[in-house]
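What follows is one structure encoded as structure tokens, with my remarks underneath.
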Protein chains: 2
Amino acid sequence: MDTTGNSFTGSYSYTLDAKGRVNIPAKMRKSLDPASDSTFVATRGSDPCIILYPATVWKQVEAKFIALNKGKALNRHFTRNFVRHAEAVQYDSQGRVALPAGLIEFGGIGKNVEIVGMIDRIEIWDPQRLQEMESRFAGREDELEAIANEIDL
Amino acid sequence: MDTTGNSFTGSYSYTLDAKGRVNIPAKMRKSLDPASDSTFVATRGSDPCIILYPATVWKQVEAKFIALNKGKALNRHFTRNFVRHAEAVQYDSQGRVALPAGLIEFGGIGKNVEIVGMIDRIEIWDPQRLQEMESRFAGREDELEAIANEIDL
DNA sequence: TACGTTTGTGGGTAGAAGTGGGTAAATAAC
DNA sequence: GTTATTTACCCACTTCTACCCACAAACGTA
């Protein structure tokens with residue numbers, strides 16, 4: 001999907017402050033394409049976390065929804081349920097974004113967060129949930145190896 | 001996979017210093033393509049070691065992950081589990097990279113390291129682990145010969 | 001063999017990054 | 001229109017990282 005040049009990697013353990021702000025790691029800020037103008041669109045992940053799409057990547061996500069036939073009720077529902085939780089956030093001069101309260105709640109986020117690079121997007125996790133997520137896939141290493149084989153990694 | 005011109009060979013016994021830095025051997029630095037700008041992406045190997053991909057090679061690795069359909073949970077997990085341990089590192093004017101603490105731990109690295117050229121990537125091993133790894137494949141020389149046959153070496 | 005250059009190792013510190021908080025400005029509520 | 005609440009902007013401090021220096025050992029050349 002991505003042709004915007006973003007390249008987010010790594011995992012950072014930061015804190016959510018009393019004002020609902022979290023720091024975007026400096027390396028990720030440097031990775032963000034200039035056209036996004038320090039701006040992400042924050043929304044719910046398909047997994048129980050918050051996703052930050054760079055503004056430029058979000059344009060591509062939007063295009064996919066636009067291309068969905070909205071005459072079908074299920075498509076409208078899918079679109080509505082994805083887009084209504086989305087909100088643009090811009091990081092300030094200290095590199096922090098203020099996360100919408102609804103997303104903080106959806107992500108089950110307390111004081112500690114794990115910020116995970118996913119190449120063309122960023123995920124913000126409650127550390128405990130991330131660990132549970134990893135545990136859920138334990139025992140499926142052969143399936144993971146099949147994917148590694150498939151993409152010749 | 002690689003068409004970036006990198007060509008890392010050899011094995012070097014160096015040290016990891018108190019600040020978590022390790023020297024990239026001079027010959028390997030000379031082998032690194034200029035477009036990588038002295039930068040690798042360090043991440044977990046499939047084997048218990050650290051891998052350094054040249055930045056240019058990492059772009060190709062990324063492209064494979066981007067091409068994976070992220071609508072599937074298993075693909076998301078696969079991507080997350082690979083990419084969240086990855087981090088760009090740039091060697092300084094003395095040729096050293098600072099390795100992320102998480103990777104040092106994953107690789108079981110103490111004071112001594114073995115730096116191994118793997119053509120388009122570099123592996124950083126705890127010497128004892130590398131030895132154990134070699135021992136694991138002892139006795140399978142006929143299988144190795146079959147591979148040599150297959151690629152007409 | 002002698003000497004100059006390059007390489008690997010150890011360490012100090014200036015500058016960058018993350019965290020916590022105050023308040024002016026903008027927005028919402030009455 | 002006024003008041004209350006929220007958001008955006010700014011500051012200060014602590015910790016971590018990037019940059020620089022020095023030196024010994026190894027290597028290459030005359």
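We label chains A, B, ... in the order they appear in the structure tokens, count residues from 1 in each chain, and number ligands from 1 in the order shown.
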
First superpose chain B onto chain A using a least-squares fit over all Cα atoms taken in order; then report the RMSD in Å. 0.3 Å

Residues of chain B no more than 7 Å from chain A, counting only C-alpha atoms: send them over as an MDAnalysis selection string. chainID B and resid 64 66:67 78 80 83:87

Output file for the selection above: C-alpha atoms, as a PDB file, in the first residue's frame:
```pdb
ATOM      1  CA  LYS B  64       7.734  -7.607   1.680  1.00  0.00           C
ATOM      2  CA  ILE B  66       4.091  -3.889   3.298  1.00  0.00           C
ATOM      3  CA  ALA B  67       2.875  -6.256   0.608  1.00  0.00           C
ATOM      4  CA  PHE B  78       4.005 -11.733  12.034  1.00  0.00           C
ATOM      5  CA  ARG B  80       4.643  -6.805  14.541  1.00  0.00           C
ATOM      6  CA  VAL B  83       9.412  -5.102  13.069  1.00  0.00           C
ATOM      7  CA  ARG B  84       9.067  -4.116  16.706  1.00  0.00           C
ATOM      8  CA  HIS B  85      12.477  -5.524  17.465  1.00  0.00           C
ATOM      9  CA  ALA B  86      14.049  -3.706  14.536  1.00  0.00           C
ATOM     10  CA  GLU B  87      15.856  -0.438  14.952  1.00  0.00           C
TER      11      GLU B  87
END
```

Please find the residues of chain D near chain A - the criterion being any atom within 10 Å, counting only C-alpha atoms (C1' of nucleotides) - and write them as number ranges by chain. D: 7-10

Could you save the residues just selected, with all heavy atoms, as a PDB file, in the first residue's frame?
```pdb
ATOM      1  P    DT D   7      -9.854  18.737  24.895  1.00  0.00           P
ATOM      2  OP1  DT D   7     -10.552  17.985  23.849  1.00  0.00           O
ATOM      3  OP2  DT D   7      -9.157  18.048  25.995  1.00  0.00           O
ATOM      4  O5'  DT D   7      -8.838  19.736  24.187  1.00  0.00           O
ATOM      5  C5'  DT D   7      -9.340  20.774  23.368  1.00  0.00           C
ATOM      6  C4'  DT D   7      -8.230  21.746  23.026  1.00  0.00           C
ATOM      7  O4'  DT D   7      -7.906  22.553  24.187  1.00  0.00           O
ATOM      8  C3'  DT D   7      -6.918  21.092  22.584  1.00  0.00           C
ATOM      9  O3'  DT D   7      -6.506  21.747  21.399  1.00  0.00           O
ATOM     10  C2'  DT D   7      -5.979  21.344  23.751  1.00  0.00           C
ATOM     11  C1'  DT D   7      -6.512  22.651  24.299  1.00  0.00           C
ATOM     12  N1   DT D   7      -6.219  22.961  25.729  1.00  0.00           N
ATOM     13  C2   DT D   7      -5.728  24.213  26.052  1.00  0.00           C
ATOM     14  O2   DT D   7      -5.506  25.071  25.237  1.00  0.00           O
ATOM     15  N3   DT D   7      -5.517  24.423  27.401  1.00  0.00           N
ATOM     16  C4   DT D   7      -5.744  23.519  28.425  1.00  0.00           C
ATOM     17  O4   DT D   7      -5.523  23.830  29.574  1.00  0.00           O
ATOM     18  C5   DT D   7      -6.264  22.225  28.001  1.00  0.00           C
ATOM     19  C7   DT D   7      -6.539  21.181  29.036  1.00  0.00           C
ATOM     20  C6   DT D   7      -6.477  22.007  26.692  1.00  0.00           C
ATOM     21  P    DA D   8      -5.294  21.218  20.521  1.00  0.00           P
ATOM     22  OP1  DA D   8      -5.787  21.117  19.150  1.00  0.00           O
ATOM     23  OP2  DA D   8      -4.702  20.045  21.199  1.00  0.00           O
ATOM     24  O5'  DA D   8      -4.257  22.417  20.591  1.00  0.00           O
ATOM     25  C5'  DA D   8      -4.727  23.748  20.436  1.00  0.00           C
ATOM     26  C4'  DA D   8      -3.649  24.730  20.857  1.00  0.00           C
ATOM     27  O4'  DA D   8      -3.565  24.764  22.303  1.00  0.00           O
ATOM     28  C3'  DA D   8      -2.251  24.391  20.351  1.00  0.00           C
ATOM     29  O3'  DA D   8      -1.649  25.598  19.934  1.00  0.00           O
ATOM     30  C2'  DA D   8      -1.556  23.791  21.564  1.00  0.00           C
ATOM     31  C1'  DA D   8      -2.237  24.533  22.709  1.00  0.00           C
ATOM     32  N9   DA D   8      -2.318  23.816  23.983  1.00  0.00           N
ATOM     33  C8   DA D   8      -2.672  22.500  24.182  1.00  0.00           C
ATOM     34  N7   DA D   8      -2.676  22.131  25.445  1.00  0.00           N
ATOM     35  C5   DA D   8      -2.314  23.295  26.127  1.00  0.00           C
ATOM     36  C6   DA D   8      -2.132  23.578  27.497  1.00  0.00           C
ATOM     37  N6   DA D   8      -2.312  22.678  28.468  1.00  0.00           N
ATOM     38  N1   DA D   8      -1.763  24.825  27.839  1.00  0.00           N
ATOM     39  C2   DA D   8      -1.584  25.729  26.871  1.00  0.00           C
ATOM     40  N3   DA D   8      -1.721  25.580  25.538  1.00  0.00           N
ATOM     41  C4   DA D   8      -2.089  24.329  25.242  1.00  0.00           C
ATOM     42  P    DC D   9      -0.272  25.594  19.134  1.00  0.00           P
ATOM     43  OP1  DC D   9      -0.435  26.531  18.013  1.00  0.00           O
ATOM     44  OP2  DC D   9       0.157  24.205  18.919  1.00  0.00           O
ATOM     45  O5'  DC D   9       0.712  26.249  20.197  1.00  0.00           O
ATOM     46  C5'  DC D   9       0.362  27.488  20.818  1.00  0.00           C
ATOM     47  C4'  DC D   9       1.226  27.719  22.035  1.00  0.00           C
ATOM     48  O4'  DC D   9       0.831  26.831  23.100  1.00  0.00           O
ATOM     49  C3'  DC D   9       2.721  27.477  21.803  1.00  0.00           C
ATOM     50  O3'  DC D   9       3.403  28.696  22.037  1.00  0.00           O
ATOM     51  C2'  DC D   9       3.099  26.408  22.846  1.00  0.00           C
ATOM     52  C1'  DC D   9       1.979  26.535  23.854  1.00  0.00           C
ATOM     53  N1   DC D   9       1.701  25.300  24.639  1.00  0.00           N
ATOM     54  C2   DC D   9       1.688  25.374  26.043  1.00  0.00           C
ATOM     55  O2   DC D   9       1.914  26.458  26.595  1.00  0.00           O
ATOM     56  N3   DC D   9       1.415  24.253  26.764  1.00  0.00           N
ATOM     57  C4   DC D   9       1.162  23.103  26.135  1.00  0.00           C
ATOM     58  N4   DC D   9       0.904  22.036  26.887  1.00  0.00           N
ATOM     59  C5   DC D   9       1.169  23.000  24.709  1.00  0.00           C
ATOM     60  C6   DC D   9       1.427  24.121  24.003  1.00  0.00           C
ATOM     61  P    DC D  10       4.982  28.807  21.716  1.00  0.00           P
ATOM     62  OP1  DC D  10       5.170  30.159  21.190  1.00  0.00           O
ATOM     63  OP2  DC D  10       5.423  27.625  20.966  1.00  0.00           O
ATOM     64  O5'  DC D  10       5.631  28.738  23.166  1.00  0.00           O
ATOM     65  C5'  DC D  10       5.153  29.594  24.208  1.00  0.00           C
ATOM     66  C4'  DC D  10       5.620  29.085  25.547  1.00  0.00           C
ATOM     67  O4'  DC D  10       4.931  27.865  25.878  1.00  0.00           O
ATOM     68  C3'  DC D  10       7.114  28.755  25.613  1.00  0.00           C
ATOM     69  O3'  DC D  10       7.774  29.731  26.422  1.00  0.00           O
ATOM     70  C2'  DC D  10       7.182  27.365  26.241  1.00  0.00           C
ATOM     71  C1'  DC D  10       5.766  27.119  26.725  1.00  0.00           C
ATOM     72  N1   DC D  10       5.366  25.699  26.642  1.00  0.00           N
ATOM     73  C2   DC D  10       5.095  24.989  27.824  1.00  0.00           C
ATOM     74  O2   DC D  10       5.199  25.560  28.909  1.00  0.00           O
ATOM     75  N3   DC D  10       4.737  23.683  27.747  1.00  0.00           N
ATOM     76  C4   DC D  10       4.641  23.094  26.557  1.00  0.00           C
ATOM     77  N4   DC D  10       4.273  21.812  26.533  1.00  0.00           N
ATOM     78  C5   DC D  10       4.897  23.797  25.337  1.00  0.00           C
ATOM     79  C6   DC D  10       5.261  25.094  25.422  1.00  0.00           C
TER      80       DC D  10
END
```

What is the distance between atom CA of Gly108 of chain A and atom CA of Arg96 of chain A, in Å to one decimal? 19.2 Å

Residues of chain A within 9 Å of chain C, counting only C-alpha atoms (C1' of nucleotides), as a JSON list (two decimals) with N, CA and C atoms, in the first residue's frame:
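Result file result22.json:
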```
[["chain", "number", "residue", "atom", "x", "y", "z"],
["A", 14, "TYR", "N", 7.09, 4.04, 26.97],
["A", 14, "TYR", "CA", 6.94, 5.42, 27.43],
["A", 14, "TYR", "C", 5.79, 5.52, 28.41],
["A", 15, "THR", "N", 5.48, 6.78, 28.78],
["A", 15, "THR", "CA", 4.36, 6.97, 29.70],
["A", 15, "THR", "C", 3.29, 7.87, 29.08],
["A", 17, "ASP", "N", 0.87, 10.77, 30.08],
["A", 17, "ASP", "CA", 0.85, 11.67, 31.21],
["A", 17, "ASP", "C", -0.57, 12.02, 31.64],
["A", 18, "ALA", "N", -0.66, 12.85, 32.69],
["A", 18, "ALA", "CA", -1.96, 13.15, 33.29],
["A", 18, "ALA", "C", -2.89, 13.87, 32.33],
["A", 23, "ASN", "N", 4.55, 10.71, 24.11],
["A", 23, "ASN", "CA", 5.62, 11.17, 23.23],
["A", 23, "ASN", "C", 5.76, 10.23, 22.03],
["A", 25, "PRO", "N", 8.26, 8.69, 19.74],
["A", 25, "PRO", "CA", 9.71, 8.55, 19.83],
["A", 25, "PRO", "C", 10.44, 9.35, 18.75],
["A", 26, "ALA", "N", 11.57, 9.93, 19.15],
["A", 26, "ALA", "CA", 12.30, 10.82, 18.26],
["A", 26, "ALA", "C", 12.63, 10.14, 16.93],
["A", 94, "GLN", "N", 7.40, 19.39, 21.59],
["A", 94, "GLN", "CA", 8.11, 18.38, 22.38],
["A", 94, "GLN", "C", 7.90, 16.97, 21.84]]
```

Give me the residues near Trp58 of chain A as JSON, numbers by chain, where near means some atom within 8 Å (using only C-alpha atoms (C1' of nucleotides)) and where sequence neighbours in that chain fewer than 4 positions away do not count. {"A": [40, 41, 53, 54, 62]}

Using backbone DSSP assignments, extract all helix (DSSP H, G or I) residues from chain A; output them as a ChimeraX atom specification. /A:26-31,34-36,55-67,73-83,101-106,127-136,141-150

Residues near Val113 of chain B, cut-off 9 Å, only C-alpha atoms (C1' of nucleotides), skip fewer than 6 positions along chain, as a list in words: Tyr12, Ser13, Tyr14, Thr15, Leu16, Val22, Ile124, Trp125, Asp126 and Pro127 of chain B

File dump, residues just selected, N, CA, C and O atoms, as a compact mmCIF listing (two decimals), in the first residue's frame:
```
# COMPACT_ATOMS: atom_id res chain seq x y z
N TYR B 12 34.82 -12.01 12.63
CA TYR B 12 35.71 -11.19 13.43
C TYR B 12 35.35 -11.31 14.92
O TYR B 12 34.18 -11.25 15.27
N SER B 13 36.36 -11.45 15.76
CA SER B 13 36.12 -11.54 17.21
C SER B 13 36.41 -10.19 17.85
O SER B 13 37.58 -9.80 17.98
N TYR B 14 35.36 -9.50 18.24
CA TYR B 14 35.50 -8.17 18.82
C TYR B 14 34.89 -8.15 20.22
O TYR B 14 34.46 -9.19 20.73
N THR B 15 34.82 -6.92 20.78
CA THR B 15 34.20 -6.80 22.11
C THR B 15 33.02 -5.84 22.08
O THR B 15 32.96 -4.92 21.28
N LEU B 16 32.07 -6.09 22.97
CA LEU B 16 30.97 -5.18 23.22
C LEU B 16 31.39 -4.33 24.42
O LEU B 16 31.71 -4.87 25.48
N VAL B 22 29.56 -1.83 19.58
CA VAL B 22 30.43 -2.82 18.95
C VAL B 22 30.96 -2.24 17.64
O VAL B 22 30.26 -1.51 16.95
N ILE B 124 25.56 -10.87 14.32
CA ILE B 124 26.37 -10.66 15.52
C ILE B 124 26.00 -11.74 16.53
O ILE B 124 24.84 -11.83 16.96
N TRP B 125 26.99 -12.57 16.88
CA TRP B 125 26.75 -13.74 17.72
C TRP B 125 27.49 -13.66 19.03
O TRP B 125 28.62 -13.14 19.10
N ASP B 126 26.90 -14.21 20.07
CA ASP B 126 27.67 -14.62 21.24
C ASP B 126 28.51 -15.82 20.78
O ASP B 126 27.96 -16.78 20.20
N PRO B 127 29.83 -15.80 21.00
CA PRO B 127 30.68 -16.87 20.48
C PRO B 127 30.25 -18.28 20.91
O PRO B 127 30.30 -19.21 20.11
```

Backbone DSSP call of strand (DSSP E) for segment 8-143 of chain B, listed as number ranges by chain: B: 11-15, 21-23, 39-44, 50-54, 87-90, 96-98, 112-117, 122-125

Write the selection just made, keeping N, CA and C atoms, as a short mmCIF file (atom, residue, chain, number, x, y, z; two decimals), in the first residue's frame?
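After the write, result-v1.cif holds the following:
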```
data_model
loop_
_atom_site.label_atom_id
_atom_site.label_comp_id
_atom_site.auth_asym_id
_atom_site.auth_seq_id
_atom_site.Cartn_x
_atom_site.Cartn_y
_atom_site.Cartn_z
N SER B 11 34.75 -13.42 9.48
CA SER B 11 34.30 -13.57 10.85
C SER B 11 35.32 -12.86 11.76
N TYR B 12 34.82 -12.01 12.63
CA TYR B 12 35.71 -11.19 13.43
C TYR B 12 35.35 -11.31 14.92
N SER B 13 36.36 -11.45 15.76
CA SER B 13 36.12 -11.54 17.21
C SER B 13 36.41 -10.19 17.85
N TYR B 14 35.36 -9.50 18.24
CA TYR B 14 35.50 -8.17 18.82
C TYR B 14 34.89 -8.15 20.22
N THR B 15 34.82 -6.92 20.78
CA THR B 15 34.20 -6.80 22.11
C THR B 15 33.02 -5.84 22.08
N ARG B 21 28.31 -0.74 22.75
CA ARG B 21 28.75 -0.47 21.38
C ARG B 21 29.64 -1.60 20.87
N VAL B 22 29.56 -1.83 19.58
CA VAL B 22 30.43 -2.82 18.95
C VAL B 22 30.96 -2.24 17.64
N ASN B 23 32.19 -2.58 17.34
CA ASN B 23 32.81 -2.05 16.13
C ASN B 23 32.37 -2.86 14.90
N THR B 39 24.36 3.27 7.74
CA THR B 39 23.23 2.85 8.58
C THR B 39 22.80 1.41 8.31
N PHE B 40 22.58 0.69 9.40
CA PHE B 40 21.99 -0.64 9.35
C PHE B 40 20.66 -0.61 10.09
N VAL B 41 19.85 -1.62 9.84
CA VAL B 41 18.72 -1.88 10.72
C VAL B 41 19.04 -3.17 11.46
N ALA B 42 19.10 -3.02 12.79
CA ALA B 42 19.41 -4.18 13.65
C ALA B 42 18.10 -4.82 14.09
N THR B 43 18.07 -6.17 14.03
CA THR B 43 16.88 -6.84 14.51
C THR B 43 17.21 -8.27 14.90
N ARG B 44 16.21 -9.01 15.40
CA ARG B 44 16.42 -10.39 15.81
C ARG B 44 16.59 -11.27 14.59
N ILE B 50 21.85 -11.42 16.53
CA ILE B 50 21.38 -10.13 16.03
C ILE B 50 21.72 -10.05 14.53
N ILE B 51 20.79 -9.55 13.74
CA ILE B 51 21.09 -9.32 12.32
C ILE B 51 21.21 -7.83 12.06
N LEU B 52 22.18 -7.45 11.27
CA LEU B 52 22.28 -6.08 10.76
C LEU B 52 22.01 -6.10 9.27
N TYR B 53 20.89 -5.48 8.87
CA TYR B 53 20.63 -5.31 7.44
C TYR B 53 21.12 -3.93 7.03
N PRO B 54 21.85 -3.81 5.92
CA PRO B 54 22.11 -2.47 5.40
C PRO B 54 20.78 -1.75 5.15
N GLU B 87 15.53 -1.84 14.70
CA GLU B 87 15.86 -0.44 14.95
C GLU B 87 17.06 -0.01 14.13
N ALA B 88 16.95 1.16 13.53
CA ALA B 88 18.05 1.68 12.73
C ALA B 88 19.21 2.08 13.63
N VAL B 89 20.41 1.70 13.23
CA VAL B 89 21.62 2.09 13.96
C VAL B 89 22.64 2.60 12.93
N GLN B 90 23.32 3.64 13.29
CA GLN B 90 24.30 4.22 12.37
C GLN B 90 25.66 4.16 13.04
N ARG B 96 31.65 2.35 15.14
CA ARG B 96 30.90 1.57 16.11
C ARG B 96 29.42 1.84 16.05
N VAL B 97 28.61 0.81 16.25
CA VAL B 97 27.17 0.99 16.43
C VAL B 97 26.80 0.70 17.88
N ALA B 98 25.82 1.44 18.38
CA ALA B 98 25.25 1.16 19.70
C ALA B 98 24.09 0.19 19.51
N ASN B 112 32.17 -10.60 24.75
CA ASN B 112 32.77 -10.96 23.47
C ASN B 112 31.71 -11.22 22.41
N VAL B 113 31.99 -10.77 21.20
CA VAL B 113 31.08 -11.04 20.08
C VAL B 113 31.84 -11.60 18.89
N GLU B 114 31.10 -12.34 18.09
CA GLU B 114 31.62 -12.81 16.82
C GLU B 114 30.78 -12.15 15.74
N ILE B 115 31.45 -11.41 14.87
CA ILE B 115 30.75 -10.69 13.80
C ILE B 115 30.95 -11.44 12.50
N VAL B 116 29.81 -11.88 11.92
CA VAL B 116 29.87 -12.82 10.81
C VAL B 116 29.24 -12.20 9.55
N GLY B 117 30.02 -12.17 8.48
CA GLY B 117 29.48 -11.68 7.21
C GLY B 117 28.57 -12.73 6.58
N ILE B 122 24.72 -8.84 8.05
CA ILE B 122 25.76 -9.18 9.02
C ILE B 122 25.08 -9.81 10.23
N GLU B 123 25.69 -10.85 10.80
CA GLU B 123 25.17 -11.43 12.03
C GLU B 123 26.14 -11.16 13.17
N ILE B 124 25.56 -10.87 14.32
CA ILE B 124 26.37 -10.66 15.52
C ILE B 124 26.00 -11.74 16.53
N TRP B 125 26.99 -12.57 16.88
CA TRP B 125 26.75 -13.74 17.72
C TRP B 125 27.49 -13.66 19.03
#
```

By how many Å are atom CA of Lys30 of chain B and atom CA of Phe65 of chain B apart?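 Interatomic distance here is 28.8 Å.
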
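Put simply, atom CA of Arg129 of chain B is 18.6 Å away from atom CA of Gly20 of chain B.
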